[in-house]
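Just data_34.csv here, CSV, C-alpha atoms and all ligand atoms:
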chain,number,residue,atom,x,y,z
V,1,MET,CA,103.9,114.7,100.2
V,2,PRO,CA,107.1,115.5,98.6
V,3,GLY,CA,109.5,112.6,97.5
V,4,PHE,CA,109.2,113.9,94.0
V,5,GLU,CA,110.6,117.2,95.0
V,6,ILE,CA,114.1,115.7,95.5
V,7,PHE,CA,114.6,113.5,92.5
V,8,GLY,CA,118.3,113.4,91.6
V,9,ASP,CA,121.3,111.3,90.5
V,10,GLU,CA,120.5,108.6,93.0
V,11,GLU,CA,117.1,107.8,91.4
V,12,ARG,CA,118.7,108.0,87.9
V,13,LYS,CA,121.5,105.6,88.9
V,14,GLU,CA,119.1,103.0,90.3
V,15,VAL,CA,116.9,103.2,87.2
V,16,GLN,CA,119.9,103.0,84.9
V,17,ASP,CA,121.0,99.8,86.6
V,18,VAL,CA,117.7,98.2,85.6
V,19,LEU,CA,117.7,99.6,82.1
V,20,ALA,CA,121.2,98.5,81.5
V,21,THR,CA,120.2,94.8,82.1
V,22,GLY,CA,116.8,95.0,80.3
V,23,VAL,CA,115.2,93.0,83.1
V,24,LEU,CA,112.1,94.9,84.2
V,25,PHE,CA,110.5,91.9,85.9
V,26,ARG,CA,111.0,91.5,89.6
V,27,TYR,CA,111.2,87.7,89.4
V,28,GLY,CA,113.7,85.4,87.7
V,29,PHE,CA,116.1,86.2,84.8
V,30,ASP,CA,118.9,85.5,87.3
V,31,GLN,CA,121.8,85.7,84.9
V,32,ALA,CA,120.6,88.6,82.8
V,33,ARG,CA,119.9,90.9,85.7
V,34,GLN,CA,123.5,91.0,86.8
V,35,GLY,CA,122.8,91.0,90.5
V,36,HIS,CA,120.2,93.8,90.4
V,37,TRP,CA,117.1,93.0,92.5
V,38,LYS,CA,115.5,96.4,93.1
V,39,ALA,CA,112.2,95.2,94.5
V,40,ARG,CA,113.9,92.7,96.9
V,41,GLU,CA,116.4,95.4,98.0
V,42,PHE,CA,113.6,97.8,98.7
V,43,GLU,CA,111.8,95.1,100.7
V,44,ALA,CA,114.9,94.4,102.8
V,45,GLU,CA,115.5,98.1,103.5
V,46,LEU,CA,111.8,98.8,104.4
V,47,THR,CA,111.7,95.8,106.6
V,48,LYS,CA,114.7,97.0,108.5
V,49,ARG,CA,113.3,100.4,108.8
V,50,ILE,CA,109.8,99.5,110.0
V,51,GLY,CA,111.0,96.7,112.2
V,52,THR,CA,108.7,94.0,111.0
V,53,LYS,CA,110.0,90.6,109.8
V,54,TYR,CA,108.6,90.8,106.3
V,55,CYS,CA,107.7,93.2,103.5
V,56,HIS,CA,106.2,92.7,100.1
V,57,LEU,CA,106.4,95.5,97.6
V,58,CYS,CA,103.5,95.8,95.1
V,59,SER,CA,102.0,98.0,92.5
V,60,SER,CA,100.1,100.6,94.7
V,61,GLY,CA,98.8,101.4,98.1
V,62,THR,CA,95.4,100.3,97.0
V,63,ALA,CA,96.9,97.0,95.9
V,64,ALA,CA,98.6,96.7,99.3
V,65,LEU,CA,95.2,97.1,101.0
V,66,SER,CA,93.6,94.5,98.8
V,67,ILE,CA,96.5,92.1,99.4
V,68,ALA,CA,96.3,92.7,103.2
V,69,LEU,CA,92.6,92.1,103.3
V,70,ALA,CA,92.9,88.9,101.2
V,71,SER,CA,95.9,87.5,103.1
V,72,CYS,CA,94.2,88.1,106.5
V,73,GLY,CA,91.2,86.1,105.2
V,74,ILE,CA,88.8,89.0,104.9
V,75,GLY,CA,86.2,88.5,102.2
V,76,ALA,CA,82.6,88.0,101.3
V,77,GLY,CA,80.3,89.6,103.9
V,78,ASP,CA,82.9,90.4,106.5
V,79,GLU,CA,82.5,93.7,108.2
V,80,VAL,CA,85.5,96.0,108.3
V,81,ILE,CA,85.5,99.1,110.5
V,82,VAL,CA,86.8,102.2,108.6
V,83,PRO,CA,87.0,105.9,109.1
V,84,PRO,CA,85.1,108.5,107.0
V,85,PHE,CA,88.2,110.6,106.6
V,86,THR,CA,90.6,108.7,104.3
V,87,PHE,CA,91.3,108.5,100.6
V,88,ILE,CA,88.5,106.5,99.0
V,89,ALA,CA,91.0,103.8,98.1
V,90,THR,CA,90.6,102.4,101.6
V,91,ILE,CA,86.9,101.9,101.2
V,92,GLU,CA,87.2,100.6,97.6
V,93,ALA,CA,89.7,97.9,98.7
V,94,VAL,CA,87.1,96.7,101.3
V,95,LEU,CA,84.3,96.7,98.8
V,96,ASN,CA,86.4,95.0,96.1
V,97,ALA,CA,87.3,92.2,98.7
V,98,GLY,CA,83.5,91.6,98.8
V,99,ALA,CA,83.5,92.9,102.4
V,100,VAL,CA,81.4,95.6,104.0
V,101,PRO,CA,82.8,98.9,105.1
V,102,VAL,CA,81.3,100.0,108.4
V,103,PHE,CA,82.0,103.6,109.4
V,104,ALA,CA,82.9,104.8,112.9
V,105,GLU,CA,83.6,108.4,113.9
V,106,ILE,CA,86.9,110.1,113.9
V,107,ASP,CA,88.2,112.2,116.8
V,108,GLU,CA,90.6,115.1,117.1
V,109,THR,CA,93.4,112.9,116.0
V,110,LEU,CA,91.6,113.0,112.6
V,111,CYS,CA,91.7,109.2,112.8
V,112,LEU,CA,89.3,106.5,114.1
V,113,ASP,CA,87.9,107.1,117.6
V,114,PRO,CA,88.4,104.0,119.7
V,115,GLU,CA,85.1,104.6,121.6
V,116,SER,CA,83.1,105.0,118.4
V,117,ILE,CA,84.6,101.8,117.1
V,118,GLN,CA,83.2,99.9,120.1
V,119,ARG,CA,79.7,101.1,119.2
V,120,VAL,CA,79.7,99.6,115.7
V,121,ILE,CA,81.2,96.2,116.4
V,122,THR,CA,78.8,93.4,115.5
V,123,PRO,CA,79.1,89.6,115.4
V,124,ASN,CA,80.0,90.1,111.7
V,125,THR,CA,83.0,92.4,112.4
V,126,LYS,CA,86.2,90.8,111.3
V,127,ALA,CA,88.7,93.6,111.2
V,128,ILE,CA,89.5,97.2,112.1
V,129,LEU,CA,91.2,99.3,109.5
V,130,PRO,CA,92.5,102.6,111.0
V,131,VAL,CA,94.0,105.1,108.6
V,132,HIS,CA,96.9,107.1,109.9
V,133,MET,CA,95.9,110.3,108.0
V,134,CYS,CA,98.1,113.1,106.9
V,135,GLY,CA,101.4,111.7,108.2
V,136,ALA,CA,100.4,111.0,111.8
V,137,MET,CA,99.0,108.4,114.1
V,138,ALA,CA,95.6,107.2,115.2
V,139,GLN,CA,95.3,106.1,118.9
V,140,ILE,CA,96.9,102.9,117.7
V,141,ASP,CA,97.6,101.4,121.1
V,142,GLU,CA,94.0,101.7,122.2
V,143,ILE,CA,92.8,100.3,118.8
V,144,LYS,CA,95.2,97.5,119.1
V,145,SER,CA,94.0,96.5,122.6
V,146,LEU,CA,90.5,96.7,121.4
V,147,CYS,CA,91.3,94.3,118.6
V,148,ALA,CA,93.0,91.9,121.0
V,149,GLN,CA,90.1,92.1,123.4
V,150,LYS,CA,87.5,91.4,120.7
V,151,GLY,CA,89.5,88.9,118.6
V,152,LEU,CA,89.6,91.2,115.6
V,153,ILE,CA,92.2,91.6,112.9
V,154,LEU,CA,94.1,94.9,112.8
V,155,ILE,CA,95.2,96.2,109.4
V,156,GLU,CA,96.8,99.7,109.3
V,157,ASP,CA,96.4,101.9,106.4
V,158,ALA,CA,99.7,103.8,106.8
V,159,CYS,CA,99.8,104.9,103.1
V,160,GLN,CA,100.2,108.5,104.2
V,161,ALA,CA,102.4,107.9,107.2
V,162,LEU,CA,105.7,106.4,106.1
V,163,GLY,CA,108.3,107.2,108.8
V,164,SER,CA,105.8,108.1,111.5
V,165,THR,CA,106.1,106.3,114.8
V,166,TYR,CA,104.1,105.9,118.0
V,167,GLU,CA,106.3,105.6,121.1
V,168,GLY,CA,109.2,104.6,119.0
V,169,LYS,CA,107.5,101.9,117.0
V,170,PHE,CA,106.8,102.5,113.3
V,171,LEU,CA,103.2,102.9,112.2
V,172,GLY,CA,102.3,99.9,110.0
V,173,ALA,CA,104.0,97.5,112.5
V,174,PHE,CA,101.2,97.5,115.1
V,175,GLY,CA,98.6,95.2,113.4
V,176,GLN,CA,98.7,91.9,111.5
V,177,MET,CA,99.5,93.9,108.5
V,178,GLY,CA,100.5,97.5,107.6
V,179,CYS,CA,100.0,99.1,104.2
V,180,PHE,CA,102.0,101.8,102.5
V,181,SER,CA,101.7,103.8,99.3
V,182,PHE,CA,104.5,105.0,97.1
V,183,ASP,CA,102.4,106.8,94.5
V,184,PRO,CA,103.6,110.0,92.9
V,185,VAL,CA,102.5,112.3,95.8
V,186,LYS,CA,103.7,110.3,98.8
V,187,THR,CA,106.6,110.9,101.2
V,188,VAL,CA,108.7,108.5,99.2
V,189,THR,CA,107.6,107.6,95.7
V,190,CYS,CA,108.2,104.7,93.3
V,191,GLY,CA,106.2,106.6,90.6
V,192,GLU,CA,103.5,104.0,91.5
V,193,GLY,CA,104.0,101.5,94.2
V,194,GLY,CA,102.9,100.2,97.6
V,195,ALA,CA,103.9,97.7,100.2
V,196,ILE,CA,102.6,95.5,103.0
V,197,VAL,CA,104.6,94.8,106.1
V,198,THR,CA,104.0,92.0,108.6
V,199,SER,CA,105.8,89.9,111.1
V,200,ASP,CA,103.6,86.9,110.5
V,201,LYS,CA,105.2,84.4,108.2
V,202,GLU,CA,101.9,82.8,107.0
V,203,LEU,CA,100.4,86.1,106.2
V,204,TYR,CA,103.5,87.2,104.3
V,205,THR,CA,103.5,83.9,102.3
V,206,ALA,CA,99.8,84.5,101.4
V,207,ALA,CA,100.6,88.1,100.4
V,208,ASP,CA,103.6,87.1,98.3
V,209,ALA,CA,101.5,84.6,96.5
V,210,TYR,CA,98.2,86.5,96.2
V,211,SER,CA,100.0,89.5,94.6
V,212,ASP,CA,101.4,87.3,91.8
V,213,HIS,CA,98.5,85.0,90.7
V,214,GLY,CA,99.1,82.6,93.6
V,215,HIS,CA,102.7,81.7,92.7
V,216,ASP,CA,104.6,80.1,95.6
V,217,HIS,CA,107.9,81.5,94.3
V,218,LEU,CA,109.6,78.2,95.2
V,219,GLY,CA,112.4,76.8,92.9
V,220,SER,CA,114.0,78.5,90.0
V,221,ASP,CA,111.6,77.8,87.1
V,222,ARG,CA,108.6,80.1,87.2
V,223,GLY,CA,106.7,77.8,84.9
V,224,LEU,CA,107.0,75.0,87.4
V,225,GLU,CA,106.0,77.0,90.5
V,226,GLY,CA,103.0,75.8,92.5
V,227,HIS,CA,99.9,77.9,92.8
V,228,PRO,CA,98.4,77.2,96.2
V,229,ILE,CA,95.8,80.0,95.9
V,230,LEU,CA,94.1,82.1,93.3
V,231,GLY,CA,95.4,85.6,93.2
V,232,ALA,CA,95.8,88.7,91.1
V,233,ASN,CA,98.6,90.7,89.5
V,234,TYR,CA,99.7,93.4,91.9
V,235,ARG,CA,103.4,93.1,91.0
V,236,ILE,CA,105.7,96.1,90.9
V,237,SER,CA,108.2,96.6,88.1
V,238,GLU,CA,111.9,96.8,88.7
V,239,LEU,CA,111.9,100.3,87.3
V,240,ASN,CA,109.4,101.6,89.9
V,241,ALA,CA,111.2,99.7,92.6
V,242,ALA,CA,114.5,101.3,91.6
V,243,VAL,CA,113.1,104.8,91.9
V,244,GLY,CA,111.6,103.9,95.3
V,245,LEU,CA,114.9,102.5,96.5
V,246,ALA,CA,116.8,105.7,95.9
V,247,GLN,CA,113.9,107.6,97.5
V,248,LEU,CA,113.7,105.4,100.6
V,249,ARG,CA,117.4,106.1,101.3
V,250,LYS,CA,116.4,109.8,101.6
V,251,LEU,CA,113.7,109.2,104.2
V,252,ASN,CA,115.8,110.6,107.1
V,253,PHE,CA,116.5,113.8,105.2
V,254,ILE,CA,112.8,114.1,104.2
V,255,LEU,CA,111.6,113.7,107.7
V,256,GLU,CA,114.1,116.1,109.2
V,257,LYS,CA,113.2,118.8,106.7
V,258,GLN,CA,109.5,118.3,107.0
V,259,ARG,CA,109.7,118.5,110.8
V,260,ALA,CA,111.7,121.7,110.7
V,261,HIS,CA,109.3,123.4,108.2
V,262,LYS,CA,106.3,122.3,110.1
V,263,LYS,CA,107.6,123.5,113.4
V,264,ALA,CA,108.3,127.0,112.0
V,265,ILE,CA,104.7,127.3,110.7
V,266,ARG,CA,103.1,125.7,113.8
V,267,ASP,CA,105.1,128.0,116.2
V,268,ALA,CA,103.8,131.0,114.2
V,269,LEU,CA,100.2,129.8,114.3
V,270,SER,CA,100.3,128.9,118.0
V,271,LYS,CA,100.2,132.7,118.7
V,272,PHE,CA,96.6,132.8,117.6
V,273,SER,CA,94.5,131.6,120.6
V,274,GLU,CA,91.5,130.9,118.4
V,275,ILE,CA,93.4,128.2,116.5
V,276,SER,CA,93.9,124.7,118.0
V,277,PHE,CA,95.9,121.8,116.5
V,278,ARG,CA,95.2,118.3,115.6
V,279,LYS,CA,95.7,116.0,118.6
V,280,LEU,CA,98.8,113.9,118.1
V,281,PRO,CA,99.0,110.8,120.5
V,282,ASP,CA,102.8,111.1,120.2
V,283,LYS,CA,104.1,114.4,118.9
V,284,LYS,CA,107.7,113.1,118.5
V,285,GLY,CA,106.5,110.4,116.0
V,286,ASP,CA,104.7,112.8,113.6
V,287,SER,CA,106.2,112.5,110.1
V,288,ALA,CA,105.1,116.1,109.6
V,289,THR,CA,103.8,115.9,106.1
V,290,PHE,CA,100.9,118.2,107.0
V,291,LEU,CA,100.0,120.7,109.6
V,292,SER,CA,96.3,120.3,110.5
V,293,PHE,CA,94.5,122.8,112.7
V,294,PHE,CA,91.0,123.6,113.8
V,295,LEU,CA,89.1,126.9,113.6
V,296,PRO,CA,86.3,127.5,116.1
V,297,ASN,CA,83.5,126.8,113.6
V,298,GLU,CA,82.7,125.9,110.0
V,299,SER,CA,82.2,129.5,108.9
V,300,ASP,CA,85.6,130.7,110.2
V,301,ALA,CA,87.2,127.6,108.6
V,302,ARG,CA,85.6,128.3,105.2
V,303,ASN,CA,86.7,132.0,105.4
V,304,VAL,CA,90.2,131.2,106.3
V,305,ALA,CA,90.6,128.4,103.8
V,306,GLY,CA,89.2,130.6,101.0
V,307,ALA,CA,91.4,133.6,102.0
V,308,LEU,CA,94.6,131.4,102.1
V,309,GLY,CA,94.0,130.3,98.5
V,310,GLN,CA,93.4,133.9,97.5
V,311,ALA,CA,96.6,135.0,99.2
V,312,GLY,CA,98.6,132.5,97.2
V,313,VAL,CA,99.3,130.1,100.1
V,314,ASP,CA,99.1,126.9,98.0
V,315,SER,CA,98.4,123.3,99.1
V,316,CYS,CA,95.9,124.1,101.8
V,317,PHE,CA,93.1,121.6,102.1
V,318,TYR,CA,89.6,122.1,103.4
V,319,TRP,CA,88.7,118.4,103.4
V,320,TYR,CA,85.0,118.9,104.2
V,321,ASP,CA,84.4,120.2,100.7
V,322,ASN,CA,86.9,117.9,99.0
V,323,ASN,CA,85.3,115.0,97.2
V,324,TRP,CA,88.2,112.5,97.6
V,325,HIS,CA,89.0,112.4,101.2
V,326,TYR,CA,85.8,112.8,103.3
V,327,ILE,CA,82.6,110.8,103.1
V,328,ARG,CA,80.3,113.9,102.8
V,329,GLN,CA,80.8,114.1,99.0
V,330,TRP,CA,81.4,110.4,98.3
V,331,TYR,CA,78.2,110.3,96.2
V,332,HIS,CA,79.4,107.2,94.3
V,333,LEU,CA,79.8,105.3,97.6
V,334,LYS,CA,76.4,106.5,98.9
V,335,LYS,CA,74.7,105.1,95.8
V,336,LEU,CA,77.1,102.2,95.5
V,337,GLN,CA,77.8,103.2,91.9
V,338,SER,CA,80.4,101.0,90.3
V,339,ALA,CA,81.4,99.8,86.9
V,340,ALA,CA,79.8,96.4,87.6
V,341,LYS,CA,77.6,95.0,90.3
V,342,LEU,CA,79.4,94.9,93.6
V,343,PRO,CA,79.4,91.8,95.8
V,344,ILE,CA,77.9,93.8,98.7
V,345,LYS,CA,74.7,94.2,96.7
V,346,LEU,CA,74.1,90.5,97.1
V,347,LEU,CA,73.9,90.7,100.9
V,348,GLU,CA,70.5,90.7,102.6
V,349,ARG,CA,71.9,93.3,105.0
V,350,CYS,CA,73.5,95.6,102.3
V,351,PRO,CA,74.0,98.9,104.1
V,352,ASP,CA,72.4,102.1,102.9
V,353,TYR,CA,75.4,104.5,102.9
V,354,GLU,CA,73.1,107.4,102.2
V,355,LYS,CA,71.9,107.0,105.8
V,356,VAL,CA,75.3,107.0,107.5
V,357,GLU,CA,75.4,109.8,110.0
V,358,LEU,CA,78.6,110.9,111.6
V,359,PRO,CA,77.9,114.1,113.4
V,360,ARG,CA,81.1,114.2,115.4
V,361,SER,CA,83.3,113.7,112.3
V,362,ASP,CA,81.3,116.4,110.5
V,363,GLN,CA,81.8,118.7,113.4
V,364,ILE,CA,85.6,118.1,113.3
V,365,MET,CA,86.1,118.1,109.6
V,366,SER,CA,84.1,121.2,109.0
V,367,ARG,CA,86.5,123.1,111.2
V,368,THR,CA,89.7,121.5,109.9
V,369,ILE,CA,92.3,123.0,107.5
V,370,SER,CA,95.4,121.0,106.6
V,371,MET,CA,98.5,122.5,105.0
V,372,LEU,CA,101.0,120.4,103.1
V,373,ILE,CA,104.6,120.7,104.2
V,374,LYS,CA,107.1,120.9,101.3
V,375,LEU,CA,110.8,120.1,101.3
V,376,SER,CA,111.8,122.6,98.6
V,377,TRP,CA,110.9,125.8,100.4
V,378,THR,CA,113.9,128.1,101.0
V,379,GLU,CA,114.2,129.9,104.4
V,380,GLU,CA,113.0,133.0,102.6
V,381,GLU,CA,110.0,131.2,101.0
V,382,LEU,CA,109.1,129.7,104.4
V,383,GLY,CA,109.3,133.1,106.1
V,384,GLN,CA,107.1,134.7,103.4
V,385,ARG,CA,104.6,131.9,103.7
V,386,ILE,CA,104.4,132.3,107.4
V,387,GLU,CA,103.8,136.1,107.0
V,388,LYS,CA,101.0,135.4,104.5
V,389,ILE,CA,99.3,132.8,106.7
V,390,ALA,CA,99.5,135.1,109.8
V,391,GLY,CA,98.1,138.0,107.7
V,392,VAL,CA,95.1,135.9,106.6
V,393,ILE,CA,94.3,134.7,110.1
V,394,ARG,CA,94.5,138.2,111.5
V,395,LYS,CA,92.1,139.4,108.8
V,396,TYR,CA,89.7,136.5,108.3
V,397,GLY,CA,90.1,134.5,111.5
V,398,PRO,CA,87.7,134.8,114.4
V,399,GLY,CA,87.9,137.4,117.1
E,401,LIG,C1,95.1,106.8,103.1
E,401,LIG,C2,95.4,106.3,101.7
E,401,LIG,N1,95.1,105.0,101.5
E,401,LIG,C3,95.3,104.4,100.3
E,401,LIG,C4,95.9,105.1,99.3
E,401,LIG,C5,96.1,104.5,98.0
E,401,LIG,O1,97.4,104.5,97.5
E,401,LIG,P1,97.7,104.4,96.0
E,401,LIG,O2,97.5,105.8,95.4
E,401,LIG,O3,99.2,104.1,96.0
E,401,LIG,O4,96.9,103.3,95.4
E,401,LIG,C6,96.1,106.5,99.5
E,401,LIG,C7,96.7,107.3,98.3
E,401,LIG,O5,96.5,108.5,98.3
E,401,LIG,C8,95.9,107.1,100.7
E,401,LIG,O6,96.1,108.4,100.9
Take the structure from the file and write it as structure tokens.
Ligand SMILES: Cc1ncc(COP(=O)(O)O)c(C=O)c1O
Amino acid sequence: MPGFEIFGDEERKEVQDVLATGVLFRYGFDQARQGHWKAREFEAELTKRIGTKYCHLCSSGTAALSIALASCGIGAGDEVIVPPFTFIATIEAVLNAGAVPVFAEIDETLCLDPESIQRVITPNTKAILPVHMCGAMAQIDEIKSLCAQKGLILIEDACQALGSTYEGKFLGAFGQMGCFSFDPVKTVTCGEGGAIVTSDKELYTAADAYSDHGHDHLGSDRGLEGHPILGANYRISELNAAVGLAQLRKLNFILEKQRAHKKAIRDALSKFSEISFRKLPDKKGDSATFLSFFLPNESDARNVAGALGQAGVDSCFYWYDNNWHYIRQWYHLKKLQSAAKLPIKLLERCPDYEKVELPRSDQIMSRTISMLIKLSWTEEELGQRIEKIAGVIRKYGPG
């Protein structure tokens, strides 16, 4: 995901503003900072964009997830329903909160299947944590209704889906809290960064405090601020916020380019009847960071994925074999291997993740290939890429 492809004078100017003052801290130093509040500005602009009332910028998407879980009161022993297709950070955040990840199946949206969620709800379920993978949406309206019906908290992991909408509303704005990542390979990057968004004042206040050792940020003397809760340090620096601010202002351009590039490749692939595409609950809202498609079976998908690599079509992912994004190869999770004893191990009902079976998700992921969509392709490069892809599918695809 390509924010870094378009670094320019805008990023340099924002960073220079910060360096010129020497104030890298996001709080205080009111005189010295000469009016530059990059983190605050970013928060105001993201809030406006997403349409929530509040936003808190923090040090990473993983931090955003931890902040969201803590602020929503999710902790020791609480069950959180998660998908098996996500970056492992989602699961780590739940474990580090002392909570219990419970896996439900994904469907052809590549995100949590609402029906499967229903089957794993127990009296200990406290939240549902759908992940809007690869730039597009889960069936978020159904998941939201399910949460309302069952009295569960909805936290959206929209780390990969900045700018994506469902029926005109931005992903991240459907639940109690939404989480974004601005790491170096996201749609918009801060270098490292993340954010939570919410329209609930109490949750925002808890998030703001939790991410800075519980500081209430009231008054003008940091040393005299109250600490209503214990927290952590998930602060972002002004330098990172400055990079992100310039990037965020390019989001419309990024989305437009991605959508045009994706459409060209998708149109070319739709001529192959043996290929089908990821289900998008709202096609118009896709941020188009990836094109994901299905081959009829695992063997065809493996052949095509391998041949794409050999033909020099870069950034194609066969997630089923990838050890970051799909549960199949999360051996560390299956054995609950961590640097130190995890709170989950103290539970009488500690789950055995080696026994988790998700046949539907396996069936879908083993047939899925995702192609990254880049901004920097020229028309000529895009055309060549399409020719190579079509050539591979003609030669190695089914039929
Ligand atoms: C779905 C998802 N959740 C969470 C994260 C964590 O974000 P970060 O790298 O900013 O900690 C990522 C990052 O890749 C992600 O893709």
Hey, which residues come within 8 Å of ligand LIG 401 (chain E) if we count all atoms listed in the file? Could you give them as number ranges by chain? V: 59-65, 86-90, 131-134, 157-160, 180-186, 192-194
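Across V:Arg328, V:Glu274, V:Gly383, V:Phe85, the tightest approach to Glu108 in chain V is made by V:Phe85 when counting all atoms listed in the file.
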Residues near range 45-58 of chain V, anyone? I mean within 7 Å using all atoms listed in the file, not counting same-chain ones fewer than 2 positions away, as a list in words.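 Counting only the stated atoms, we get Ala39, Glu41, Phe42, Glu43, Ser60, Ala63, Ala64, Phe170, Ala173, Gly193, Gly194, Ala195, Ile196, Val197, Thr198, Ser199, Tyr204, Asp208, Tyr234, Arg235 and Ile236 of chain V.
Between Arg266 in chain V and the candidates V:Ala232, V:Leu382, V:Glu5, V:Gly73, the tightest atom-to-atom separation, counting all atoms listed in the file, involves V:Leu382.
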For a test of reading the model, state the distance in Å between CA of Glu79 in chain V and CA of Ile155 in chain V, rounded to one decimal.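 Rounded to one decimal, the two atoms are 13.0 Å apart.
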Residue with smallest distance to Glu202 in chain V - pool V:Ile373, V:Leu245, V:Ala68, V:Val356, counting only C-alpha atoms: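 The answer is V:Ala68, which sits nearest to Glu202 in chain V.
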Tell me which of V:Leu154, V:Ile121, V:Val102, V:Ala93 sits closest to Ile81 in chain V, counting all atoms listed in the file.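 Nearest to Ile81 in chain V: V:Val102.
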Neighbours of point (103.2, 104.4, 117.3) within 12 Å, using all atoms listed in the file, written as a PyMOL selection string: chain V and resi 50+132+135-144+156+158+161-175+280-287
What's the 8 Å shell around Val82 in chain V, counting all atoms listed in the file, without same-chain residues fewer than 3 positions away, as a PyMOL selection string? chain V and resi 90-91+101-104+112+128-131
For CA of Ala148 in chain V and CA of Pro84 in chain V, determine how far apart the two atoms are, in Å to one decimal place.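 That distance, rounded to one decimal, is 23.1 Å.
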Please tell me which residues are no farther than 12 Å from (96.3, 129.8, 109.8) in the file, counting all atoms listed in the file, and write them as a PDB file with C-alpha atoms, in the coordinates of the input.
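Wrote it out as result21.pdb, contents follow:
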ATOM      1  CA  ILE V 265     104.700 127.300 110.700  1.00  0.00           C
ATOM      2  CA  ARG V 266     103.100 125.700 113.800  1.00  0.00           C
ATOM      3  CA  ASP V 267     105.100 128.000 116.200  1.00  0.00           C
ATOM      4  CA  ALA V 268     103.800 131.000 114.200  1.00  0.00           C
ATOM      5  CA  LEU V 269     100.200 129.800 114.300  1.00  0.00           C
ATOM      6  CA  SER V 270     100.300 128.900 118.000  1.00  0.00           C
ATOM      7  CA  LYS V 271     100.200 132.700 118.700  1.00  0.00           C
ATOM      8  CA  PHE V 272      96.600 132.800 117.600  1.00  0.00           C
ATOM      9  CA  SER V 273      94.500 131.600 120.600  1.00  0.00           C
ATOM     10  CA  GLU V 274      91.500 130.900 118.400  1.00  0.00           C
ATOM     11  CA  ILE V 275      93.400 128.200 116.500  1.00  0.00           C
ATOM     12  CA  SER V 276      93.900 124.700 118.000  1.00  0.00           C
ATOM     13  CA  PHE V 277      95.900 121.800 116.500  1.00  0.00           C
ATOM     14  CA  LEU V 291     100.000 120.700 109.600  1.00  0.00           C
ATOM     15  CA  SER V 292      96.300 120.300 110.500  1.00  0.00           C
ATOM     16  CA  PHE V 293      94.500 122.800 112.700  1.00  0.00           C
ATOM     17  CA  PHE V 294      91.000 123.600 113.800  1.00  0.00           C
ATOM     18  CA  LEU V 295      89.100 126.900 113.600  1.00  0.00           C
ATOM     19  CA  ASP V 300      85.600 130.700 110.200  1.00  0.00           C
ATOM     20  CA  ALA V 301      87.200 127.600 108.600  1.00  0.00           C
ATOM     21  CA  ARG V 302      85.600 128.300 105.200  1.00  0.00           C
ATOM     22  CA  ASN V 303      86.700 132.000 105.400  1.00  0.00           C
ATOM     23  CA  VAL V 304      90.200 131.200 106.300  1.00  0.00           C
ATOM     24  CA  ALA V 305      90.600 128.400 103.800  1.00  0.00           C
ATOM     25  CA  GLY V 306      89.200 130.600 101.000  1.00  0.00           C
ATOM     26  CA  ALA V 307      91.400 133.600 102.000  1.00  0.00           C
ATOM     27  CA  LEU V 308      94.600 131.400 102.100  1.00  0.00           C
ATOM     28  CA  GLY V 309      94.000 130.300  98.500  1.00  0.00           C
ATOM     29  CA  ALA V 311      96.600 135.000  99.200  1.00  0.00           C
ATOM     30  CA  VAL V 313      99.300 130.100 100.100  1.00  0.00           C
ATOM     31  CA  CYS V 316      95.900 124.100 101.800  1.00  0.00           C
ATOM     32  CA  PHE V 317      93.100 121.600 102.100  1.00  0.00           C
ATOM     33  CA  ARG V 367      86.500 123.100 111.200  1.00  0.00           C
ATOM     34  CA  THR V 368      89.700 121.500 109.900  1.00  0.00           C
ATOM     35  CA  ILE V 369      92.300 123.000 107.500  1.00  0.00           C
ATOM     36  CA  SER V 370      95.400 121.000 106.600  1.00  0.00           C
ATOM     37  CA  MET V 371      98.500 122.500 105.000  1.00  0.00           C
ATOM     38  CA  ARG V 385     104.600 131.900 103.700  1.00  0.00           C
ATOM     39  CA  ILE V 386     104.400 132.300 107.400  1.00  0.00           C
ATOM     40  CA  GLU V 387     103.800 136.100 107.000  1.00  0.00           C
ATOM     41  CA  LYS V 388     101.000 135.400 104.500  1.00  0.00           C
ATOM     42  CA  ILE V 389      99.300 132.800 106.700  1.00  0.00           C
ATOM     43  CA  ALA V 390      99.500 135.100 109.800  1.00  0.00           C
ATOM     44  CA  GLY V 391      98.100 138.000 107.700  1.00  0.00           C
ATOM     45  CA  VAL V 392      95.100 135.900 106.600  1.00  0.00           C
ATOM     46  CA  ILE V 393      94.300 134.700 110.100  1.00  0.00           C
ATOM     47  CA  ARG V 394      94.500 138.200 111.500  1.00  0.00           C
ATOM     48  CA  LYS V 395      92.100 139.400 108.800  1.00  0.00           C
ATOM     49  CA  TYR V 396      89.700 136.500 108.300  1.00  0.00           C
ATOM     50  CA  GLY V 397      90.100 134.500 111.500  1.00  0.00           C
ATOM     51  CA  PRO V 398      87.700 134.800 114.400  1.00  0.00           C
TER      52      PRO V 398
END
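Separating CA of Thr187 in chain V from CA of Phe4 in chain V is a distance of 8.2 Å.
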Contacts of range 238-273 of chain V with range 10-32 of chain V up to 7 Å, shortest pair per row, all atoms listed in the file, as a tab-separated table:
residue	atom	partner	partner_atom	distance
V:Glu238	CA	V:Leu24	CA	4.9
V:Leu239	CA	V:Val15	CA	5.8
V:Ala242	CA	V:Glu14	CA	5.1
V:Val243	CA	V:Glu11	CA	5.0
V:Ala246	CA	V:Glu11	CA	5.0
V:Gln247	CA	V:Glu11	CA	6.9
With all atoms listed in the file as the basis for distance, which of V:Ser145, V:Thr289, V:Asn96, V:Ser366 is at the shortest distance from Pro114 in chain V? V:Ser145
Determine, counting all atoms listed in the file, which protein, DNA and RNA residues have an atom within 12 Å of an atom of range 329-332 of chain V; residues of the same chain fewer than 2 positions away are not included. Present the result as an NGL selection string. :V and (84-89 or 91-92 or 319-327 or 334-339 or 353-356 or 362)
